[in-house]
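S.K.: See upload_4.pdb below, with PDB, C-alpha atoms.
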MODEL        1
ATOM      1  CA  MET A 694     137.747  55.760 113.441  1.00  0.00           C
ATOM      2  CA  LYS A 695     136.300  52.227 113.113  1.00  0.00           C
ATOM      3  CA  GLY A 696     137.987  51.520 109.804  1.00  0.00           C
ATOM      4  CA  GLY A 697     137.794  55.088 108.490  1.00  0.00           C
ATOM      5  CA  PHE A 698     140.635  57.297 107.360  1.00  0.00           C
ATOM      6  CA  SER A 699     142.797  59.366 109.725  1.00  0.00           C
ATOM      7  CA  ASN A 700     142.289  63.137 109.865  1.00  0.00           C
ATOM      8  CA  ARG A 701     145.612  63.616 108.050  1.00  0.00           C
ATOM      9  CA  VAL A 702     144.459  61.429 105.146  1.00  0.00           C
ATOM     10  CA  VAL A 703     141.068  63.175 104.970  1.00  0.00           C
ATOM     11  CA  VAL A 704     142.739  66.611 104.871  1.00  0.00           C
ATOM     12  CA  SER A 705     145.084  65.496 102.087  1.00  0.00           C
ATOM     13  CA  TRP A 706     142.105  64.202 100.067  1.00  0.00           C
ATOM     14  CA  ARG A 707     140.147  67.410 100.684  1.00  0.00           C
ATOM     15  CA  LEU A 708     143.054  69.403  99.228  1.00  0.00           C
ATOM     16  CA  LYS A 709     143.223  67.110  96.185  1.00  0.00           C
ATOM     17  CA  PHE A 710     139.466  67.436  95.646  1.00  0.00           C
ATOM     18  CA  TYR A 711     139.659  71.256  95.852  1.00  0.00           C
ATOM     19  CA  GLN A 712     142.331  71.157  93.138  1.00  0.00           C
ATOM     20  CA  ARG A 713     140.308  68.761  90.965  1.00  0.00           C
ATOM     21  CA  PHE A 714     137.047  70.660  91.334  1.00  0.00           C
ATOM     22  CA  ALA A 715     138.399  74.224  91.005  1.00  0.00           C
ATOM     23  CA  LEU A 716     137.461  74.445  87.302  1.00  0.00           C
ATOM     24  CA  LEU A 717     133.876  73.291  87.863  1.00  0.00           C
ATOM     25  CA  ARG A 718     132.651  76.753  88.891  1.00  0.00           C
ATOM     26  CA  SER A 719     133.446  77.960  85.366  1.00  0.00           C
ATOM     27  CA  LEU A 720     131.632  74.986  83.767  1.00  0.00           C
ATOM     28  CA  LEU A 721     128.529  74.433  85.898  1.00  0.00           C
ATOM     29  CA  PRO A 722     125.909  76.513  87.700  1.00  0.00           C
ATOM     30  CA  LEU A 723     125.923  76.183  91.482  1.00  0.00           C
ATOM     31  CA  ASN A 724     122.553  74.402  91.357  1.00  0.00           C
ATOM     32  CA  ALA A 725     123.954  71.646  89.095  1.00  0.00           C
ATOM     33  CA  THR A 726     123.073  68.047  89.893  1.00  0.00           C
ATOM     34  CA  ILE A 727     126.343  66.326  90.745  1.00  0.00           C
ATOM     35  CA  VAL A 728     126.647  62.638  91.593  1.00  0.00           C
ATOM     36  CA  CYS A 729     129.816  61.307  93.179  1.00  0.00           C
ATOM     37  CA  ALA A 730     129.822  57.587  92.426  1.00  0.00           C
ATOM     38  CA  GLY A 731     131.607  55.322  94.875  1.00  0.00           C
ATOM     39  CA  ALA A 732     131.871  58.209  97.350  1.00  0.00           C
ATOM     40  CA  ARG A 733     132.580  56.159 100.486  1.00  0.00           C
ATOM     41  CA  GLN A 734     132.700  58.690 103.332  1.00  0.00           C
ATOM     42  CA  GLY A 735     131.733  61.620 101.102  1.00  0.00           C
ATOM     43  CA  THR A 736     134.813  63.824 101.375  1.00  0.00           C
ATOM     44  CA  GLU A 737     134.458  64.846  97.726  1.00  0.00           C
ATOM     45  CA  VAL A 738     130.801  65.756  98.315  1.00  0.00           C
ATOM     46  CA  GLU A 739     131.769  67.907 101.312  1.00  0.00           C
ATOM     47  CA  VAL A 740     134.251  69.789  99.125  1.00  0.00           C
ATOM     48  CA  LEU A 741     131.644  70.324  96.392  1.00  0.00           C
ATOM     49  CA  HIS A 742     129.262  71.738  99.012  1.00  0.00           C
ATOM     50  CA  ASP A 743     132.058  73.990 100.293  1.00  0.00           C
ATOM     51  CA  LEU A 744     132.420  75.264  96.712  1.00  0.00           C
ATOM     52  CA  GLY A 745     128.693  76.094  96.611  1.00  0.00           C
ATOM     53  CA  PHE A 746     127.320  73.053  94.740  1.00  0.00           C
ATOM     54  CA  THR A 747     124.378  72.326  97.027  1.00  0.00           C
ATOM     55  CA  ASN A 748     122.854  69.617  94.802  1.00  0.00           C
ATOM     56  CA  ALA A 749     125.913  67.385  95.026  1.00  0.00           C
ATOM     57  CA  TYR A 750     125.523  63.991  96.666  1.00  0.00           C
ATOM     58  CA  GLY A 751     127.329  60.704  96.756  1.00  0.00           C
ATOM     59  CA  ILE A 752     126.318  57.098  96.294  1.00  0.00           C
ATOM     60  CA  ASP A 753     128.106  54.004  97.542  1.00  0.00           C
ATOM     61  CA  LEU A 754     127.283  50.368  98.156  1.00  0.00           C
ATOM     62  CA  ASN A 755     128.207  50.972 101.802  1.00  0.00           C
ATOM     63  CA  PRO A 756     127.958  54.664 102.739  1.00  0.00           C
ATOM     64  CA  GLY A 757     128.211  53.950 106.441  1.00  0.00           C
ATOM     65  CA  PRO A 758     125.671  54.863 109.104  1.00  0.00           C
ATOM     66  CA  ASN A 759     124.242  58.383 109.372  1.00  0.00           C
ATOM     67  CA  ASN A 760     126.204  59.722 106.409  1.00  0.00           C
ATOM     68  CA  PRO A 761     124.560  63.017 105.359  1.00  0.00           C
ATOM     69  CA  TYR A 762     126.476  63.234 102.062  1.00  0.00           C
ATOM     70  CA  VAL A 763     126.280  59.689 100.710  1.00  0.00           C
ATOM     71  CA  LYS A 764     123.278  57.449 100.197  1.00  0.00           C
ATOM     72  CA  PRO A 765     123.160  53.770  99.249  1.00  0.00           C
ATOM     73  CA  GLY A 766     123.550  53.241  95.527  1.00  0.00           C
ATOM     74  CA  ASP A 767     125.309  51.257  92.828  1.00  0.00           C
ATOM     75  CA  PHE A 768     127.380  53.106  90.224  1.00  0.00           C
ATOM     76  CA  MET A 769     126.702  50.264  87.792  1.00  0.00           C
ATOM     77  CA  ASN A 770     122.906  50.714  88.099  1.00  0.00           C
ATOM     78  CA  LEU A 771     122.117  54.361  88.800  1.00  0.00           C
ATOM     79  CA  GLU A 772     118.659  55.397  90.001  1.00  0.00           C
ATOM     80  CA  ASN A 773     118.876  58.633  88.017  1.00  0.00           C
ATOM     81  CA  LYS A 774     116.700  59.200  84.965  1.00  0.00           C
ATOM     82  CA  ASP A 775     118.208  59.474  81.498  1.00  0.00           C
ATOM     83  CA  ASP A 776     119.842  62.862  80.781  1.00  0.00           C
ATOM     84  CA  SER A 777     119.363  64.099  84.365  1.00  0.00           C
ATOM     85  CA  VAL A 778     122.867  64.674  85.780  1.00  0.00           C
ATOM     86  CA  ASP A 779     125.112  67.672  85.089  1.00  0.00           C
ATOM     87  CA  LEU A 780     128.297  66.014  86.368  1.00  0.00           C
ATOM     88  CA  LEU A 781     129.172  62.499  87.435  1.00  0.00           C
ATOM     89  CA  TYR A 782     132.467  62.192  89.314  1.00  0.00           C
ATOM     90  CA  CYS A 783     134.119  58.889  90.183  1.00  0.00           C
ATOM     91  CA  ASN A 784     137.498  57.991  91.598  1.00  0.00           C
ATOM     92  CA  SER A 785     136.559  54.317  91.910  1.00  0.00           C
ATOM     93  CA  VAL A 786     136.884  53.236  88.281  1.00  0.00           C
ATOM     94  CA  ASP A 787     139.180  50.477  89.498  1.00  0.00           C
ATOM     95  CA  HIS A 788     136.202  48.922  91.304  1.00  0.00           C
ATOM     96  CA  ALA A 789     134.096  48.501  88.163  1.00  0.00           C
ATOM     97  CA  PHE A 790     134.228  44.888  87.043  1.00  0.00           C
ATOM     98  CA  ASP A 791     132.619  45.694  83.671  1.00  0.00           C
ATOM     99  CA  LEU A 792     133.963  48.956  82.255  1.00  0.00           C
ATOM    100  CA  GLU A 793     131.675  48.792  79.195  1.00  0.00           C
ATOM    101  CA  LYS A 794     128.587  48.728  81.414  1.00  0.00           C
ATOM    102  CA  PHE A 795     130.116  51.289  83.804  1.00  0.00           C
ATOM    103  CA  PHE A 796     130.687  53.931  81.118  1.00  0.00           C
ATOM    104  CA  SER A 797     127.447  53.101  79.310  1.00  0.00           C
ATOM    105  CA  GLU A 798     125.440  53.622  82.504  1.00  0.00           C
ATOM    106  CA  HIS A 799     127.148  56.929  83.238  1.00  0.00           C
ATOM    107  CA  ALA A 800     126.612  58.154  79.674  1.00  0.00           C
ATOM    108  CA  ARG A 801     122.911  57.318  80.039  1.00  0.00           C
ATOM    109  CA  VAL A 802     122.353  59.716  82.951  1.00  0.00           C
ATOM    110  CA  ILE A 803     124.516  62.632  81.783  1.00  0.00           C
ATOM    111  CA  LYS A 804     122.692  65.619  80.291  1.00  0.00           C
ATOM    112  CA  PRO A 805     123.581  66.392  76.651  1.00  0.00           C
ATOM    113  CA  ASN A 806     125.892  69.214  77.753  1.00  0.00           C
ATOM    114  CA  GLY A 807     126.951  67.514  80.988  1.00  0.00           C
ATOM    115  CA  TYR A 808     130.282  66.139  82.116  1.00  0.00           C
ATOM    116  CA  THR A 809     131.890  63.086  83.604  1.00  0.00           C
ATOM    117  CA  MET A 810     135.079  63.308  85.595  1.00  0.00           C
ATOM    118  CA  TYR A 811     137.179  60.250  86.417  1.00  0.00           C
ATOM    119  CA  ASP A 812     140.330  59.693  88.433  1.00  0.00           C
ATOM    120  CA  LEU A 813     142.295  56.667  87.256  1.00  0.00           C
ATOM    121  CA  PRO A 814     144.891  54.960  89.444  1.00  0.00           C
ATOM    122  CA  ARG A 815     148.359  54.752  87.931  1.00  0.00           C
ATOM    123  CA  TYR A 816     149.316  51.100  87.734  1.00  0.00           C
ATOM    124  CA  THR A 817     149.553  48.767  84.813  1.00  0.00           C
ATOM    125  CA  ASP A 818     149.953  45.235  86.158  1.00  0.00           C
ATOM    126  CA  ARG A 819     146.567  43.506  85.807  1.00  0.00           C
ATOM    127  CA  ARG A 820     147.791  40.554  87.853  1.00  0.00           C
ATOM    128  CA  ASN A 821     148.824  42.670  90.833  1.00  0.00           C
ATOM    129  CA  PRO A 822     146.595  45.724  91.420  1.00  0.00           C
ATOM    130  CA  GLY A 823     147.227  47.846  94.501  1.00  0.00           C
ATOM    131  CA  ALA A 824     145.926  47.110  97.999  1.00  0.00           C
ATOM    132  CA  PHE A 825     142.538  48.788  97.457  1.00  0.00           C
ATOM    133  CA  GLU A 826     141.957  48.103  93.757  1.00  0.00           C
ATOM    134  CA  SER A 827     139.596  45.425  92.505  1.00  0.00           C
ATOM    135  CA  VAL A 828     140.497  45.493  88.823  1.00  0.00           C
ATOM    136  CA  ALA A 829     143.338  46.786  86.682  1.00  0.00           C
ATOM    137  CA  TRP A 830     144.064  47.413  83.019  1.00  0.00           C
ATOM    138  CA  ASN A 831     147.090  47.332  80.780  1.00  0.00           C
ATOM    139  CA  SER A 832     147.261  51.081  80.162  1.00  0.00           C
ATOM    140  CA  GLU A 833     145.396  54.302  80.804  1.00  0.00           C
ATOM    141  CA  GLN A 834     145.024  54.609  77.026  1.00  0.00           C
ATOM    142  CA  GLU A 835     142.980  51.402  77.024  1.00  0.00           C
ATOM    143  CA  VAL A 836     140.489  52.978  79.443  1.00  0.00           C
ATOM    144  CA  ILE A 837     140.433  56.322  77.614  1.00  0.00           C
ATOM    145  CA  GLU A 838     139.669  54.610  74.290  1.00  0.00           C
ATOM    146  CA  LEU A 839     136.748  52.840  75.918  1.00  0.00           C
ATOM    147  CA  MET A 840     135.485  56.154  77.358  1.00  0.00           C
ATOM    148  CA  GLN A 841     135.533  57.639  73.877  1.00  0.00           C
ATOM    149  CA  LYS A 842     132.922  55.102  72.780  1.00  0.00           C
ATOM    150  CA  TYR A 843     130.435  56.673  75.210  1.00  0.00           C
ATOM    151  CA  PHE A 844     131.379  60.337  75.526  1.00  0.00           C
ATOM    152  CA  LYS A 845     131.526  63.007  72.835  1.00  0.00           C
ATOM    153  CA  GLU A 846     134.924  64.434  73.707  1.00  0.00           C
ATOM    154  CA  ILE A 847     137.624  64.598  76.340  1.00  0.00           C
ATOM    155  CA  ILE A 848     138.201  68.208  77.281  1.00  0.00           C
ATOM    156  CA  LEU A 849     140.978  67.797  79.823  1.00  0.00           C
ATOM    157  CA  THR A 850     143.434  65.226  81.094  1.00  0.00           C
ATOM    158  CA  LYS A 851     145.788  65.837  83.979  1.00  0.00           C
ATOM    159  CA  THR A 852     148.418  63.864  85.816  1.00  0.00           C
ATOM    160  CA  ASP A 853     148.566  64.035  89.591  1.00  0.00           C
ATOM    161  CA  HIS A 854     152.141  63.638  90.774  1.00  0.00           C
ATOM    162  CA  SER A 855     151.334  63.793  94.463  1.00  0.00           C
TER     163      SER A 855
ENDMDL
END
Now that the file is in, can you turn its structure into structure tokens?
M.R.:
Amino acid sequence: MKGGFSNRVVVSWRLKFYQRFALLRSLLPLNATIVCAGARQGTEVEVLHDLGFTNAYGIDLNPGPNNPYVKPGDFMNLENKDDSVDLLYCNSVDHAFDLEKFFSEHARVIKPNGYTMYDLPRYTDRRNPGAFESVAWNSEQEVIELMQKYFKEIILTKTDHS
């Protein structure tokens, strides 16, 4: 594994991604441009391809060698042109050291009728984020209010209890 996740962990994440992405087929055409920001190994990209989204790809500062789903990239400085992405997905919001710049950059690349989709970790102690988190915030509401500065509307929020 060389520092990767176990098969059990990968399978559990695949199942979570299928649940998260199930509604996308009703929102986006299968040829939509989808960027998974902070995609690490690319499990979410694999699931999007399984669902038929062939133009989905991931970016990460360290995608690992020979990763067919994820290329080198920085979610704070996207290579994409303005208004060029149908969906940007990120479950690494807790690794963005400047949330203003993070959301501003994502809003820049999203098409006028495009979407962003974020998973937020559920902790509130800024002084003691979890083992894999780089930054924290006082409340999810704080992050949502900041998102609303950059995006027209929030169409869905869900809580994952698993």
S.K.: Mind telling me what the PyMOL selection byres ((chain A and resi 742) around 12) catches here, as a ChimeraX atom specification?
M.R.: /A:707,710-711,714,718,723-727,729,735-741,743-751,761-762
S.K.: Rounded to one decimal place, report the CA of Leu813 (chain A)-CA of Glu833 (chain A) distance in Å.
M.R.: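 Computed distance, CA of Leu813 (chain A) to CA of Glu833 (chain A), equals 7.5 Å.
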S.K.: Can you list, as number ranges by chain, every protein, DNA or RNA residue that comes within 10 Å of Ser777 (chain A) when you count all atoms listed in the file, leaving out same-chain residues fewer than 3 positions away?
M.R.: A: 726-727, 773-774, 780, 801-805, 807
S.K.: What is the CA of Ala730 (chain A) to CA of Ile848 (chain A) distance in Å?
M.R.: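 Value for the CA of Ala730 (chain A)-CA of Ile848 (chain A) distance: 20.3 Å.
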S.K.: In terms of the shortest atom-to-atom distance over all atoms listed in the file, which of A:Asp775, A:Asp753, A:Glu846, A:Asp791 is closest to Met810 (chain A)?
M.R.: A:Glu846
S.K.: In Å, rounded to a single decimal, give me how far CA of Phe768 (chain A) is from CA of Glu798 (chain A).
M.R.: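 Those two atoms sit 8.0 Å apart.
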S.K.: For a quick check of understanding, using only C-alpha atoms, which of A:Asn755, A:Asn806, A:Ser797, A:Gln712 has the smallest distance to Leu771 (chain A)?
M.R.: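 Closest to Leu771 (chain A) of all the choices is A:Ser797.
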S.K.: Please complete region 773-790 of chain A with N, CA and C atoms and give it back as a CSV table (one decimal), in the coordinates of the input.
M.R.:
chain,number,residue,atom,x,y,z
A,773,ASN,N,119.2,57.4,88.7
A,773,ASN,CA,118.9,58.6,88.0
A,773,ASN,C,118.2,58.4,86.7
A,774,LYS,N,117.4,59.3,86.3
A,774,LYS,CA,116.7,59.2,85.0
A,774,LYS,C,117.7,59.5,83.9
A,775,ASP,N,117.4,59.1,82.7
A,775,ASP,CA,118.2,59.5,81.5
A,775,ASP,C,118.4,61.0,81.4
A,776,ASP,N,119.6,61.4,81.0
A,776,ASP,CA,119.8,62.9,80.8
A,776,ASP,C,119.5,63.8,82.0
A,777,SER,N,119.8,63.4,83.2
A,777,SER,CA,119.4,64.1,84.4
A,777,SER,C,120.5,64.6,85.2
A,778,VAL,N,121.7,64.3,84.9
A,778,VAL,CA,122.9,64.7,85.8
A,778,VAL,C,123.8,65.6,85.0
A,779,ASP,N,124.2,66.7,85.7
A,779,ASP,CA,125.1,67.7,85.1
A,779,ASP,C,126.6,67.2,85.1
A,780,LEU,N,126.9,66.5,86.2
A,780,LEU,CA,128.3,66.0,86.4
A,780,LEU,C,128.3,64.7,87.2
A,781,LEU,N,128.9,63.7,86.7
A,781,LEU,CA,129.2,62.5,87.4
A,781,LEU,C,130.7,62.4,87.7
A,782,TYR,N,131.1,62.3,88.9
A,782,TYR,CA,132.5,62.2,89.3
A,782,TYR,C,132.7,60.8,89.9
A,783,CYS,N,133.8,60.2,89.6
A,783,CYS,CA,134.1,58.9,90.2
A,783,CYS,C,135.6,58.7,90.3
A,784,ASN,N,136.1,58.4,91.4
A,784,ASN,CA,137.5,58.0,91.6
A,784,ASN,C,137.6,56.5,92.0
A,785,SER,N,136.6,55.7,91.6
A,785,SER,CA,136.6,54.3,91.9
A,785,SER,C,136.4,53.5,90.6
A,786,VAL,N,137.0,54.0,89.5
A,786,VAL,CA,136.9,53.2,88.3
A,786,VAL,C,137.5,51.8,88.4
A,787,ASP,N,138.5,51.7,89.3
A,787,ASP,CA,139.2,50.5,89.5
A,787,ASP,C,138.4,49.5,90.3
A,788,HIS,N,137.1,49.8,90.6
A,788,HIS,CA,136.2,48.9,91.3
A,788,HIS,C,135.1,48.5,90.4
A,789,ALA,N,135.1,48.9,89.1
A,789,ALA,CA,134.1,48.5,88.2
A,789,ALA,C,134.6,47.2,87.4
A,790,PHE,N,133.8,46.2,87.6
A,790,PHE,CA,134.2,44.9,87.0
A,790,PHE,C,133.9,44.8,85.6
